[in-house]
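Here's the structure, in structure tokens; my notes come after.
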Amino acid sequence: MSPSTSKMPAITPHRTMQGHTDWVNNVVQLNGGRQIITCSVDGSLRLWDLESGTRIGEDWRYGNKLGVWSMALSPSGKTVASGCDDGKVRLWDVETRKVIAKWAGHTSVVCALCWSADGNQVASGSWDGTARVWDVESGKNVLTIKTRHDWVRAVTYSPDATKIATDGRDEDAVKIWDAKRGKLLKTLKHNNQVYSLAWTLDGKKLITGSYGSIRIFDTATWQEIAILEGHTHLVYAISLSQNERLLASASVDKTARLWNLETNLQVGPPLQHENVVRCAALSLDGKLLVTTCEDENAYTWDIHAILKEADLENLVQPLSDVNSFFGKQNYTNLPLADCSSRVINGRRCYAGRG
């Protein structure tokens with residue numbers, strides 16, 4: 001653990017967003033970082049002003065009792081995919097806040113979603129043990145992977161979209177699949193269940209979150225090259241900063257934590273919550289963290305202040321440098337570096353979990 005961890009008092013949230021009536025599972029960020037959307041088991045998606053913490057407009061709903069377990073923003077920033085209790089994936093138009101498509105195929109909760117880099121496909125994972133790939137234009141299920149996980153907890157494309165990684169309940173492993181054919185390529189054994197996944201931008205590392213630990217694998221050899229320890233229960237979500245120097249994690253142990261990926265040590269004290277933390281999502285510049293919790297709230301945290309206190313401001317790369325790194329792109333609706341994520345054309349993909 002970083003020496004700085006013991007030097008800092010407990011940290012409190014910058015903002016608390018209240019209003020959901022059940023677990024808040026996930027978050028995406030819109031409008032250049034000024035607004036976020038949260039989804040909840042209460043059956044709603046909500047739009048919030050990030051600075052004031054106030055709700056904007058009415059809830060987005062499709063049926064009063066359909067819990068929303070997963071959510072992912074398209075590369076264009078115009079469409080949100082959501083996964084629900086009824087096994088269906090729904091697409092929402094961000095501007096109109098209405099459902100524009102509904103895909104049926106799963107037979108249980110859809111708890112993981114990920115868009116392809118070109119926005120033409122969406123991968124979903126379900127408690128029914130399958131991962132499915134959907135063609136966005138036609139709405140057809142073009143690939144079904146019978147993972148042999150009891151429940152699929154997370155699903156994510158590799159940066160080049162040639163592979164899909166999954167993890168699940170009752171099997172202490174991550175599986176790597178051919179994204180076109182659904183053929184199993186590799187199984188990465190763990191000591192406990194894995195709940196969260198994230199690829200690095202260059203595809204050279206895969207990061208996994210399991211019980212009490214976060215592991216980093218070299219994808220050329222599939223060997224474990226680092227382990228980050230500190231959590232005392234399941235790691236539900238992990239989120240990489242855009243410059244990939246900083247990692248945030250969320251856990252059943254009621255904390256979110258920050259990690260210096262240059263040293264693989266924890267930064268600052270744990271961010272304490274009243275209940276299980278479902279999601280931890282870093283902003284583009286790495287200076288803000290949004291967490292969602294089973295206490296029915298979402299929170300924002302001033303990460304820049306934590307890094308400054310730890311004398312680690314170098315872990316936060318200026319936005320201009322990030323733009324230069326990714327090339328000239330439109331960042332108007334660039335999302336948070338979300339829960340269990342990896343970069344696709346400057347965006348993050350939701351590997352989700354439920």
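To be explicit about the labels: the chains of the structure tokens are called A, B, and onward in the order shown, and within each one the residues are counted from 1, while ligands get numbers from 1 in the order they are shown.
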
>> Using only C-alpha atoms, which protein or nucleic acid residues come within 7 Å of A:Leu315? Drop anything in the same chain fewer than 3 positions from it, and give the result as a list in words.
In response: Arg245, Leu246 and Leu312 of chain A

>> Quick check for you: according to DSSP on this backbone, which residues of stretch 70-146 of chain A are classed as strand (DSSP E or B)? Reply as a PyMOL selection string.
In response: chain A and resi 70-73+79-84+89-93+98-103+110-115+121-126+130-135+141-146

>> Would you pick out the contacts of A:Ile145 at 9 Å or less, using only C-alpha atoms, so that residues sharing its chain but fewer than 3 positions from it are not included, and give the list as a ChimeraX atom specification?
In response: /A:129-133,148,177,181-183

> Restricting the calculation to only C-alpha atoms, which member of A:Thr12, A:Asn141, A:Thr291, A:Thr156 is positioned closest to A:Ile36?
Replying inline: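 Of the candidates, the smallest distance to A:Ile36 is held by A:Thr291.
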
>> Using only C-alpha atoms, can you tell me which of A:Leu240, A:Leu185, A:Leu234, A:Ile227 comes closest to A:Ser210?
In response: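 Among the listed residues, the smallest separation from A:Ser210 belongs to A:Leu234.
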
> Counting only C-alpha atoms, which of A:Glu95, A:Glu229, A:Asp218, A:Asp302 gets nearest to A:Asp202?
Replying inline: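 Of A:Glu95, A:Glu229, A:Asp218, A:Asp302, the one nearest A:Asp202, counting only C-alpha atoms, is A:Asp218.
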
Neighbour list for stretch 41-52 of chain A as an mmCIF file with N, CA, C and O atoms, in the first residue's frame, cut-off 7 Å, only C-alpha atoms, skip fewer than 2 positions in-chain:
data_model
loop_
_atom_site.group_PDB
_atom_site.id
_atom_site.type_symbol
_atom_site.label_atom_id
_atom_site.label_comp_id
_atom_site.auth_asym_id
_atom_site.auth_seq_id
_atom_site.Cartn_x
_atom_site.Cartn_y
_atom_site.Cartn_z
ATOM 1 N N HIS A 20 -33.078 7.762 -6.743
ATOM 2 C CA HIS A 20 -33.408 6.380 -7.073
ATOM 3 C C HIS A 20 -33.962 5.684 -5.831
ATOM 4 O O HIS A 20 -33.657 6.072 -4.696
ATOM 5 N N THR A 21 -34.746 4.634 -6.048
ATOM 6 C CA THR A 21 -35.370 3.923 -4.932
ATOM 7 C C THR A 21 -34.890 2.484 -4.806
ATOM 8 O O THR A 21 -35.503 1.682 -4.098
ATOM 9 N N ASP A 22 -33.791 2.170 -5.492
ATOM 10 C CA ASP A 22 -33.173 0.846 -5.373
ATOM 11 C C ASP A 22 -31.712 0.990 -5.809
ATOM 12 O O ASP A 22 -31.255 2.098 -6.123
ATOM 13 N N TRP A 23 -30.978 -0.110 -5.831
ATOM 14 C CA TRP A 23 -29.565 -0.072 -6.202
ATOM 15 C C TRP A 23 -29.337 0.761 -7.463
ATOM 16 O O TRP A 23 -30.089 0.650 -8.433
ATOM 17 N N VAL A 24 -28.255 1.538 -7.460
ATOM 18 C CA VAL A 24 -27.831 2.255 -8.661
ATOM 19 C C VAL A 24 -26.668 1.470 -9.252
ATOM 20 O O VAL A 24 -25.619 1.317 -8.618
ATOM 21 N N ARG A 34 -20.699 17.397 -18.439
ATOM 22 C CA ARG A 34 -21.589 18.206 -17.610
ATOM 23 C C ARG A 34 -22.815 17.437 -17.115
ATOM 24 O O ARG A 34 -23.474 17.865 -16.185
ATOM 25 N N GLN A 35 -23.126 16.322 -17.772
ATOM 26 C CA GLN A 35 -24.296 15.538 -17.398
ATOM 27 C C GLN A 35 -23.955 14.056 -17.348
ATOM 28 O O GLN A 35 -23.078 13.598 -18.074
ATOM 29 N N ILE A 36 -24.670 13.326 -16.499
ATOM 30 C CA ILE A 36 -24.518 11.871 -16.433
ATOM 31 C C ILE A 36 -25.884 11.217 -16.487
ATOM 32 O O ILE A 36 -26.907 11.833 -16.169
ATOM 33 N N ILE A 37 -25.899 9.949 -16.900
ATOM 34 C CA ILE A 37 -27.088 9.109 -16.816
ATOM 35 C C ILE A 37 -26.769 7.955 -15.873
ATOM 36 O O ILE A 37 -25.718 7.323 -15.988
ATOM 37 N N THR A 38 -27.665 7.688 -14.951
ATOM 38 C CA THR A 38 -27.533 6.529 -14.068
ATOM 39 C C THR A 38 -28.660 5.555 -14.367
ATOM 40 O O THR A 38 -29.721 5.937 -14.874
ATOM 41 N N CYS A 39 -28.435 4.269 -14.054
ATOM 42 C CA CYS A 39 -29.497 3.274 -14.190
ATOM 43 C C CYS A 39 -29.623 2.501 -12.891
ATOM 44 O O CYS A 39 -28.663 2.342 -12.148
ATOM 45 N N THR A 54 -28.282 17.718 -9.365
ATOM 46 C CA THR A 54 -29.737 17.720 -9.479
ATOM 47 C C THR A 54 -30.195 16.941 -10.698
ATOM 48 O O THR A 54 -29.521 16.886 -11.721
ATOM 49 N N ARG A 55 -31.381 16.351 -10.602
ATOM 50 C CA ARG A 55 -31.963 15.585 -11.696
ATOM 51 C C ARG A 55 -32.475 16.525 -12.780
ATOM 52 O O ARG A 55 -33.014 17.596 -12.486
ATOM 53 N N ILE A 56 -32.327 16.100 -14.039
ATOM 54 C CA ILE A 56 -32.822 16.866 -15.171
ATOM 55 C C ILE A 56 -33.997 16.110 -15.784
ATOM 56 O O ILE A 56 -33.841 15.000 -16.291
ATOM 57 N N ASP A 59 -37.823 10.666 -15.107
ATOM 58 C CA ASP A 59 -37.151 9.381 -15.279
ATOM 59 C C ASP A 59 -37.381 8.836 -16.688
ATOM 60 O O ASP A 59 -38.438 9.071 -17.288
ATOM 61 N N TRP A 60 -36.400 8.096 -17.198
ATOM 62 C CA TRP A 60 -36.588 7.339 -18.431
ATOM 63 C C TRP A 60 -37.049 5.944 -18.004
ATOM 64 O O TRP A 60 -36.342 5.239 -17.293
ATOM 65 N N ARG A 61 -38.219 5.540 -18.463
ATOM 66 C CA ARG A 61 -38.759 4.248 -18.041
ATOM 67 C C ARG A 61 -39.358 3.482 -19.208
ATOM 68 O O ARG A 61 -39.889 4.064 -20.142
ATOM 69 N N ASN A 64 -42.840 -0.301 -15.383
ATOM 70 C CA ASN A 64 -42.566 0.145 -14.019
ATOM 71 C C ASN A 64 -41.708 -0.819 -13.206
ATOM 72 O O ASN A 64 -41.097 -0.427 -12.231
ATOM 73 N N LYS A 65 -41.670 -2.072 -13.596
ATOM 74 C CA LYS A 65 -41.017 -3.066 -12.747
ATOM 75 C C LYS A 65 -39.801 -3.719 -13.402
ATOM 76 O O LYS A 65 -39.328 -4.753 -12.937
ATOM 77 N N LEU A 66 -39.293 -3.128 -14.468
ATOM 78 C CA LEU A 66 -38.148 -3.708 -15.160
ATOM 79 C C LEU A 66 -36.848 -3.111 -14.627
ATOM 80 O O LEU A 66 -36.462 -2.001 -15.001
ATOM 81 N N GLY A 67 -36.192 -3.829 -13.715
ATOM 82 C CA GLY A 67 -34.928 -3.354 -13.183
ATOM 83 C C GLY A 67 -33.884 -3.236 -14.273
ATOM 84 O O GLY A 67 -33.783 -4.099 -15.143
ATOM 85 N N VAL A 68 -33.107 -2.157 -14.245
ATOM 86 C CA VAL A 68 -32.050 -1.936 -15.231
ATOM 87 C C VAL A 68 -30.706 -2.255 -14.575
ATOM 88 O O VAL A 68 -30.293 -1.585 -13.623
ATOM 89 N N TRP A 69 -30.024 -3.270 -15.099
ATOM 90 C CA TRP A 69 -28.807 -3.792 -14.479
ATOM 91 C C TRP A 69 -27.527 -3.356 -15.190
ATOM 92 O O TRP A 69 -26.446 -3.417 -14.606
#
